[in-house]
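What follows is structure21.cif (mmCIF, C-alpha atoms).
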```cif
data_entry
loop_
_atom_site.label_atom_id
_atom_site.label_comp_id
_atom_site.auth_asym_id
_atom_site.auth_seq_id
_atom_site.Cartn_x
_atom_site.Cartn_y
_atom_site.Cartn_z
CA MET A 1 35.96 27.25 -7.84
CA ARG A 2 36.27 25.40 -4.54
CA LEU A 3 32.92 24.23 -3.19
CA THR A 4 32.57 22.73 0.27
CA ASP A 5 29.74 20.58 1.62
CA GLN A 6 28.71 23.55 3.73
CA ASP A 7 28.56 25.77 0.63
CA LEU A 8 26.21 23.30 -1.00
CA GLU A 9 24.02 23.04 2.08
CA ARG A 10 23.87 26.82 2.27
CA LEU A 11 22.96 27.14 -1.39
CA ALA A 12 20.39 24.36 -1.56
CA PRO A 13 17.56 26.11 0.31
CA ARG A 14 17.77 29.00 -2.15
CA LEU A 15 16.99 26.81 -5.12
CA GLY A 16 13.53 26.97 -6.64
CA ALA A 17 12.43 30.22 -5.00
CA ARG A 18 11.17 31.75 -8.22
CA ALA A 19 9.10 28.67 -9.03
CA GLU A 20 7.46 29.00 -5.63
CA ALA A 21 6.76 32.70 -6.14
CA ARG A 22 5.22 32.11 -9.57
CA LEU A 23 2.77 29.44 -8.45
CA ASP A 24 -0.91 30.38 -8.47
CA VAL A 25 -1.99 28.34 -5.47
CA ASP A 26 -5.72 29.02 -5.75
CA ARG A 27 -5.72 27.99 -9.40
CA VAL A 28 -3.87 24.78 -8.63
CA ALA A 29 -6.23 24.01 -5.74
CA ALA A 30 -9.27 24.54 -7.98
CA LEU A 31 -7.83 22.34 -10.72
CA VAL A 32 -6.95 19.56 -8.29
CA THR A 33 -10.42 19.46 -6.73
CA ALA A 34 -12.05 19.59 -10.16
CA ARG A 35 -9.96 16.65 -11.36
CA LEU A 36 -10.77 14.71 -8.22
CA ALA A 37 -14.48 15.37 -8.68
CA ASN A 38 -14.29 14.18 -12.28
CA ALA A 39 -12.36 11.12 -11.25
CA GLY A 40 -15.01 10.20 -8.73
CA GLY A 41 -13.11 11.10 -5.60
CA ALA A 42 -10.35 9.25 -3.90
CA GLU A 43 -9.70 5.64 -4.73
CA ARG A 44 -10.75 4.66 -1.28
CA ARG A 45 -10.36 1.08 -0.43
CA ARG A 46 -13.20 -0.55 1.44
CA PRO A 47 -11.45 -2.93 3.79
CA VAL A 48 -14.70 -3.93 5.49
CA TRP A 49 -16.28 -4.77 2.16
CA ARG A 50 -13.31 -6.79 1.10
CA TRP A 51 -13.21 -8.57 4.42
CA LEU A 52 -16.89 -9.36 4.17
CA ALA A 53 -16.51 -10.55 0.60
CA ALA A 54 -13.76 -12.88 1.74
CA ALA A 55 -15.87 -14.00 4.69
CA ALA A 56 -18.78 -14.67 2.35
CA GLY A 57 -16.52 -16.82 0.22
CA VAL A 58 -15.33 -18.77 3.26
CA LEU A 59 -18.92 -19.23 4.43
CA LEU A 60 -19.90 -20.47 1.00
CA VAL A 61 -17.18 -23.11 1.04
CA ALA A 62 -17.79 -24.00 4.68
CA GLY A 63 -21.51 -24.28 4.09
CA ALA A 64 -20.99 -26.46 1.08
CA GLY A 65 -18.65 -28.66 3.07
CA PHE A 66 -21.20 -28.90 5.86
CA LEU A 67 -23.89 -29.96 3.41
CA THR A 68 -21.59 -32.51 1.86
CA PHE A 69 -20.23 -34.08 5.03
CA GLY A 70 -23.34 -33.67 7.09
CA THR A 71 -23.18 -33.62 10.83
CA ASP A 72 -22.14 -37.24 11.30
CA GLY A 73 -18.64 -36.67 9.93
CA THR A 74 -19.03 -39.31 7.23
CA ALA A 75 -16.87 -39.02 4.16
CA PRO A 76 -18.37 -37.66 0.99
CA ARG A 77 -19.58 -40.00 -1.62
CA VAL A 78 -17.11 -41.24 -4.20
CA GLY A 79 -17.08 -38.97 -7.23
CA HIS A 80 -18.16 -35.95 -5.21
CA PRO A 81 -15.11 -35.12 -3.13
CA VAL A 82 -15.98 -31.50 -2.55
CA GLY A 83 -19.42 -30.18 -1.91
CA LEU A 84 -19.70 -27.69 -4.75
CA THR A 85 -17.65 -29.64 -7.22
CA PRO A 86 -20.51 -31.43 -9.01
CA SER A 87 -22.43 -28.25 -9.71
CA LEU A 88 -19.31 -26.33 -10.71
CA LEU A 89 -18.29 -29.13 -13.04
CA ASP A 90 -21.63 -28.81 -14.74
CA LEU A 91 -20.96 -25.18 -15.63
CA SER A 92 -19.57 -24.09 -18.97
CA ALA A 93 -16.44 -21.93 -19.20
CA THR A 94 -18.55 -18.84 -19.77
CA GLU A 95 -20.75 -19.62 -16.79
CA LEU A 96 -17.70 -20.22 -14.62
CA ARG A 97 -16.25 -16.88 -15.68
CA THR A 98 -19.54 -15.19 -14.80
CA VAL A 99 -19.49 -16.78 -11.35
CA LEU A 100 -15.88 -15.70 -10.78
CA ASP A 101 -16.65 -12.16 -11.93
CA SER A 102 -19.59 -11.98 -9.59
CA LEU A 103 -17.34 -12.92 -6.66
CA ASP A 104 -15.21 -9.86 -7.42
CA GLN A 105 -18.19 -7.53 -7.07
CA PRO A 106 -19.16 -6.08 -3.70
CA ALA A 107 -22.26 -7.74 -2.40
CA PRO A 108 -25.35 -5.54 -2.95
CA MET A 109 -26.23 -5.65 0.73
CA LEU A 110 -22.95 -3.91 1.53
CA VAL A 111 -23.87 -0.71 -0.22
CA SER A 112 -27.39 -0.61 1.12
CA SER A 113 -28.59 0.32 4.55
CA GLU A 114 -28.46 -3.32 5.65
CA PRO A 115 -26.38 -4.04 8.77
CA THR A 116 -22.66 -4.50 8.15
CA ILE A 117 -19.92 -6.11 10.20
CA ASP A 118 -19.65 -2.88 12.16
CA ASP A 119 -23.23 -3.27 13.31
CA LEU A 120 -22.69 -6.70 14.85
CA ASP A 121 -22.33 -6.96 18.61
CA THR A 122 -19.77 -9.17 20.33
CA GLU A 123 -22.06 -12.20 20.54
CA GLN A 124 -23.00 -11.95 16.88
CA LEU A 125 -19.36 -11.63 15.88
CA GLU A 126 -18.44 -14.66 17.95
CA ALA A 127 -21.28 -16.61 16.37
CA LEU A 128 -20.08 -15.63 12.92
CA LEU A 129 -16.51 -16.67 13.72
CA THR A 130 -17.69 -19.93 15.22
CA LEU A 131 -19.68 -20.65 12.10
CA MET A 132 -16.67 -19.84 9.92
CA GLU A 133 -14.42 -22.06 11.97
CA GLY A 134 -16.90 -24.88 11.76
CA MET B 1 -17.76 40.10 27.46
CA THR B 2 -14.99 37.79 26.47
CA ALA B 3 -13.78 37.40 22.95
CA PRO B 4 -14.67 34.11 21.34
CA ALA B 5 -11.85 31.63 21.47
CA LEU B 6 -10.07 31.14 18.17
CA GLN B 7 -10.43 27.70 16.71
CA PRO B 8 -7.02 26.11 16.23
CA GLU B 9 -6.25 25.23 12.64
CA PRO B 10 -6.82 21.56 11.95
CA ASP B 11 -3.62 19.62 11.39
CA ASP B 12 -2.93 17.67 8.23
CA ALA B 13 -4.20 14.40 9.66
CA ALA B 14 -7.53 16.01 10.53
CA LEU B 15 -7.83 17.51 7.05
CA ILE B 16 -6.99 14.18 5.44
CA ALA B 17 -9.69 12.50 7.52
CA ARG B 18 -12.18 15.17 6.47
CA TRP B 19 -11.25 14.69 2.81
CA GLN B 20 -11.72 10.95 3.15
CA ALA B 21 -15.15 11.64 4.59
CA GLY B 22 -16.02 13.63 1.48
CA ASP B 23 -15.11 17.19 2.45
CA GLN B 24 -13.62 18.79 -0.68
CA ALA B 25 -12.75 21.97 1.18
CA ALA B 26 -10.27 19.96 3.23
CA ALA B 27 -8.41 19.01 0.04
CA THR B 28 -8.35 22.65 -1.02
CA GLU B 29 -6.90 23.65 2.34
CA LEU B 30 -4.19 20.99 2.12
CA VAL B 31 -3.20 22.20 -1.36
CA ARG B 32 -3.07 25.80 -0.16
CA ARG B 33 -1.00 24.77 2.82
CA HIS B 34 1.68 22.82 0.95
CA ALA B 35 1.62 23.76 -2.75
CA ARG B 36 4.26 26.49 -2.51
CA ALA B 37 6.76 24.20 -0.80
CA VAL B 38 6.12 21.52 -3.41
CA ALA B 39 6.59 24.09 -6.19
CA ARG B 40 9.89 25.17 -4.66
CA PHE B 41 11.01 21.56 -4.44
CA LEU B 42 10.14 21.02 -8.11
CA GLY B 43 11.81 24.27 -9.13
CA ALA B 44 14.98 23.15 -7.38
CA ALA B 45 14.74 19.82 -9.19
CA GLY B 46 14.70 21.61 -12.53
CA ALA B 47 11.04 21.29 -13.44
CA GLY B 48 11.14 24.68 -15.18
CA GLU B 49 7.90 25.65 -16.86
CA ASP B 50 6.24 22.39 -15.85
CA VAL B 51 6.09 23.27 -12.16
CA ASP B 52 2.40 24.25 -12.09
CA ASP B 53 1.29 21.12 -13.92
CA LEU B 54 3.47 18.90 -11.76
CA VAL B 55 2.24 20.42 -8.51
CA GLN B 56 -1.29 19.78 -9.68
CA GLU B 57 -0.46 16.22 -10.70
CA ALA B 58 1.31 15.50 -7.41
CA PHE B 59 -1.67 16.59 -5.31
CA PHE B 60 -4.10 14.79 -7.58
CA ARG B 61 -2.17 11.54 -7.17
CA ALA B 62 -1.81 12.12 -3.45
CA PHE B 63 -5.55 12.48 -2.86
CA ARG B 64 -6.45 9.75 -5.29
CA TYR B 65 -4.26 7.28 -3.46
CA ILE B 66 -4.48 8.77 0.00
CA ASP B 67 -4.95 5.32 1.55
CA ARG B 68 -1.31 4.62 0.75
CA PHE B 69 -0.19 7.46 3.02
CA ARG B 70 0.74 5.74 6.25
CA GLY B 71 1.89 8.79 8.15
CA GLY B 72 5.49 7.60 8.35
CA SER B 73 6.53 10.93 6.92
CA THR B 74 4.72 14.23 6.86
CA PHE B 75 2.03 14.78 4.25
CA ARG B 76 4.18 17.51 2.70
CA THR B 77 7.18 15.22 2.33
CA TRP B 78 4.96 12.52 0.89
CA VAL B 79 3.58 14.89 -1.74
CA MET B 80 7.11 16.03 -2.57
CA THR B 81 8.20 12.47 -3.26
CA ILE B 82 5.15 12.03 -5.48
CA ALA B 83 6.09 15.26 -7.24
CA GLY B 84 9.63 13.98 -7.75
CA ASN B 85 8.27 10.79 -9.27
CA ALA B 86 5.90 12.77 -11.49
CA LEU B 87 8.86 14.82 -12.73
CA THR B 88 10.79 11.64 -13.50
CA ASP B 89 7.75 10.23 -15.33
CA LEU B 90 7.43 13.43 -17.36
CA ARG B 91 11.06 13.35 -18.41
CA ARG B 92 10.81 9.71 -19.40
CA ARG B 93 7.66 10.34 -21.43
CA HIS B 94 9.11 13.28 -23.29
CA GLY B 95 12.64 11.94 -23.41
CA ARG B 96 14.03 15.29 -22.51
CA ARG B 97 16.49 16.73 -20.14
CA SER B 98 15.45 19.25 -17.59
CA VAL B 99 15.46 22.86 -18.57
CA VAL B 100 16.46 25.34 -15.97
CA SER B 101 15.40 28.88 -16.60
CA LEU B 102 17.72 31.59 -15.48
CA GLY B 103 14.61 33.28 -14.16
CA ASP B 104 14.29 30.50 -11.59
CA LEU B 105 17.47 31.46 -9.90
CA GLU B 106 17.26 33.39 -6.76
CA ILE B 107 20.01 35.92 -6.43
CA PRO B 108 21.79 35.24 -3.17
CA ASP B 109 22.75 37.96 -0.82
CA ALA B 110 26.03 39.17 -2.19
CA ALA B 111 26.26 42.30 -0.08
CA ALA B 112 25.59 44.48 -3.10
CA ASP B 113 28.99 43.64 -4.50
CA PRO B 114 28.49 43.25 -8.26
CA HIS B 115 31.38 40.83 -8.61
CA ARG B 116 30.31 38.64 -5.69
CA GLU B 117 26.74 38.79 -6.92
CA SER B 118 27.82 37.64 -10.33
CA VAL B 119 29.88 34.79 -8.88
CA ALA B 120 27.03 33.72 -6.60
CA ARG B 121 24.54 33.83 -9.45
CA ASP B 122 26.83 31.70 -11.58
CA LEU B 123 27.27 29.22 -8.74
CA LEU B 124 23.55 28.87 -8.16
CA ASP B 125 23.05 28.47 -11.89
CA ARG B 126 25.51 25.61 -12.07
CA VAL B 127 24.27 23.88 -8.94
CA GLU B 128 20.65 24.04 -10.06
CA ARG B 129 21.50 22.69 -13.50
CA GLN B 130 23.41 19.81 -11.99
CA VAL B 131 20.77 19.00 -9.38
CA ALA B 132 18.32 18.64 -12.24
CA LEU B 133 20.65 16.20 -13.96
CA LEU B 134 21.21 13.92 -10.96
CA PRO B 135 19.68 10.43 -11.04
CA PRO B 136 16.16 10.65 -9.56
CA MET B 137 17.01 8.95 -6.26
CA GLN B 138 20.12 11.07 -5.68
CA ARG B 139 18.20 14.21 -6.63
CA ASN B 140 15.32 13.46 -4.28
CA VAL B 141 17.59 12.53 -1.39
CA PHE B 142 19.75 15.62 -1.90
CA LEU B 143 16.77 17.96 -2.03
CA LEU B 144 14.97 16.39 0.92
CA ARG B 145 18.18 16.61 2.94
CA ALA B 146 19.74 19.89 1.85
CA HIS B 147 16.64 21.72 0.63
CA GLN B 148 14.06 20.54 3.15
CA GLY B 149 16.35 19.74 6.07
CA LEU B 150 15.04 16.21 6.65
CA GLU B 151 16.95 13.63 8.65
CA TYR B 152 18.05 10.43 6.95
CA ASP B 153 15.45 8.45 8.89
CA GLU B 154 12.67 10.64 7.51
CA ILE B 155 14.10 10.51 4.00
CA ALA B 156 14.29 6.73 4.20
CA VAL B 157 10.61 6.50 5.10
CA ALA B 158 9.58 8.97 2.40
CA LEU B 159 11.55 7.27 -0.36
CA ASP B 160 11.04 3.71 0.83
CA THR B 161 14.70 3.02 1.35
CA SER B 162 17.05 2.63 4.33
CA PRO B 163 18.73 5.48 6.19
CA GLY B 164 22.11 4.05 5.21
CA ALA B 165 21.17 3.96 1.54
CA ALA B 166 19.84 7.52 1.77
CA ARG B 167 23.16 8.61 3.26
CA VAL B 168 25.04 6.97 0.39
CA HIS B 169 22.79 8.61 -2.21
CA TYR B 170 23.35 11.97 -0.55
CA HIS B 171 27.11 11.44 -0.50
CA HIS B 172 27.13 10.57 -4.20
CA ALA B 173 24.97 13.56 -5.04
CA VAL B 174 27.21 15.97 -3.16
CA ARG B 175 30.35 14.50 -4.65
CA ARG B 176 28.89 14.74 -8.14
CA LEU B 177 27.70 18.31 -7.67
CA LYS B 178 31.03 19.42 -6.25
CA ALA B 179 32.97 17.74 -9.05
CA VAL B 180 30.88 19.39 -11.75
CA VAL B 181 30.78 22.81 -10.14
CA GLU B 182 34.46 22.79 -9.29
CA GLY B 183 35.37 21.42 -12.72
#
```
Turn this file's structure into structure tokens for me.
Amino acid sequence: MRLTDQDLERLAPRLGARAEARLDVDRVAALVTARLANAGGAERRRPVWRWLAAAAGVLLVAGAGFLTFGTDGTAPRVGHPVGLTPSLLDLSATELRTVLDSLDQPAPMLVSSEPTIDDLDTEQLEALLTLMEG
Amino acid sequence: MTAPALQPEPDDAALIARWQAGDQAAATELVRRHARAVARFLGAAGAGEDVDDLVQEAFFRAFRYIDRFRGGSTFRTWVMTIAGNALTDLRRRHGRRSVVSLGDLEIPDAAADPHRESVARDLLDRVERQVALLPPMQRNVFLLRAHQGLEYDEIAVALDTSPGAARVHYHHAVRRLKAVVEG
């Protein structure tokens, strides 16, 4: 049997018609929404939360650096090259893991009715950025 | 008195936004709008008796990971590619070939000529069996092109490949189908 490209293209749209006719759309829709409800809804990413978590981390480091160096720009004392290093070095492995785990969690204020990044006006945003940039 | 103006149906993007805002009815509407096309796509790909489950799985995955939908293709095309992947996953899990039911075959218009009808039925049977046996990428490209009428640019976006690669996959699929059917 000789089959041309055009024959195939003509045949292709006819494939699967019975499967379409058999489908119970309402049943499928009900099952999908039920599964989604059980699964807790869409796996929606929270870009603002993540951004704020990252910003909080940067602020933490910047703040620690500020405390260490002070405002006069003098070098840190020998043995304490980075602001948070002494306290982190004092932690056990378990305590370090707890700290790291806590950094992965969204900050409680972000799920409350406290103001978020979206609530900041231009001046407040600029102040935040200035603080982050040092 | 004038008749109230009919509200235009929301497009897919509006329904997706409503779903993301927590409106479950929007998800139901999207399923109703596109499920038949997805079922037809899966039927053409040889999903057989698994079509219902796979349609459900495809929409579930689509809504669950809706943030990954960038709008480069239509929502329907995106769900079809998810459905194609779900079919591939199912076959891998069960280690089985596709099963094509003769009941899935649509009888083409053969002008009421019993002989022509028989030949056409046989041809559809063979094509559908072979489509189901194509490598997943070739199968998806072939169906999106020949079954859904998409351009290579759209196929490339949907399948995360290049238009040139999509064209090559289509060429291989057609060559393979013709060789088997003609053989």
Please check the contacts: residues of chain A at most 9 Å away from chain B, using only C-alpha atoms, listed as an mmCIF file with C-alpha atoms, in the coordinates of the input.
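File selection-v3.cif, as written:
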```
data_model
loop_
_atom_site.group_PDB
_atom_site.id
_atom_site.type_symbol
_atom_site.label_atom_id
_atom_site.label_comp_id
_atom_site.auth_asym_id
_atom_site.auth_seq_id
_atom_site.Cartn_x
_atom_site.Cartn_y
_atom_site.Cartn_z
ATOM 1 C CA MET A 1 35.960 27.250 -7.840
ATOM 2 C CA ARG A 2 36.270 25.400 -4.540
ATOM 3 C CA LEU A 3 32.920 24.230 -3.190
ATOM 4 C CA THR A 4 32.570 22.730 0.270
ATOM 5 C CA ASP A 5 29.740 20.580 1.620
ATOM 6 C CA LEU A 8 26.210 23.300 -1.000
ATOM 7 C CA GLU A 9 24.020 23.040 2.080
ATOM 8 C CA ARG A 10 23.870 26.820 2.270
ATOM 9 C CA LEU A 11 22.960 27.140 -1.390
ATOM 10 C CA ALA A 12 20.390 24.360 -1.560
ATOM 11 C CA PRO A 13 17.560 26.110 0.310
ATOM 12 C CA ARG A 14 17.770 29.000 -2.150
ATOM 13 C CA LEU A 15 16.990 26.810 -5.120
ATOM 14 C CA GLY A 16 13.530 26.970 -6.640
ATOM 15 C CA ALA A 17 12.430 30.220 -5.000
ATOM 16 C CA ARG A 18 11.170 31.750 -8.220
ATOM 17 C CA ALA A 19 9.100 28.670 -9.030
ATOM 18 C CA GLU A 20 7.460 29.000 -5.630
ATOM 19 C CA ALA A 21 6.760 32.700 -6.140
ATOM 20 C CA ARG A 22 5.220 32.110 -9.570
ATOM 21 C CA LEU A 23 2.770 29.440 -8.450
ATOM 22 C CA ASP A 24 -0.910 30.380 -8.470
ATOM 23 C CA VAL A 25 -1.990 28.340 -5.470
ATOM 24 C CA ASP A 26 -5.720 29.020 -5.750
ATOM 25 C CA VAL A 28 -3.870 24.780 -8.630
ATOM 26 C CA ALA A 29 -6.230 24.010 -5.740
ATOM 27 C CA ALA A 30 -9.270 24.540 -7.980
ATOM 28 C CA LEU A 31 -7.830 22.340 -10.720
ATOM 29 C CA VAL A 32 -6.950 19.560 -8.290
ATOM 30 C CA THR A 33 -10.420 19.460 -6.730
ATOM 31 C CA ARG A 35 -9.960 16.650 -11.360
ATOM 32 C CA LEU A 36 -10.770 14.710 -8.220
ATOM 33 C CA ALA A 37 -14.480 15.370 -8.680
ATOM 34 C CA ALA A 39 -12.360 11.120 -11.250
ATOM 35 C CA GLY A 41 -13.110 11.100 -5.600
ATOM 36 C CA ALA A 42 -10.350 9.250 -3.900
ATOM 37 C CA GLU A 43 -9.700 5.640 -4.730
ATOM 38 C CA ARG A 44 -10.750 4.660 -1.280
ATOM 39 C CA ARG A 45 -10.360 1.080 -0.430
#
```
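Picture a line from atom CA of B:Asn140 to atom CA of B:Thr77; it runs 10.6 Å.
Coordinates place atom CA of B:Ala132 at a distance of 11.0 Å from atom CA of B:Ala173.
Of note, atom CA of B:Ala156 and atom CA of B:Val79 are spaced 14.7 Å apart.
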field: Residue nearest B:Trp78 among B:Ile155, B:Arg18, B:Pro8, B:Gln130 (counting only C-alpha atoms)
entry: B:Ile155
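Closest to B:Gln138 among B:Ala158, B:Leu150, B:Val168, B:Leu15 is B:Val168, based on all atoms listed in the file.
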- prompt: Contacts of B:Pro136 at 8 Å or less, counting only C-alpha atoms, minus same-chain residues fewer than 4 places along, as a count of residues only?
  reply: 4
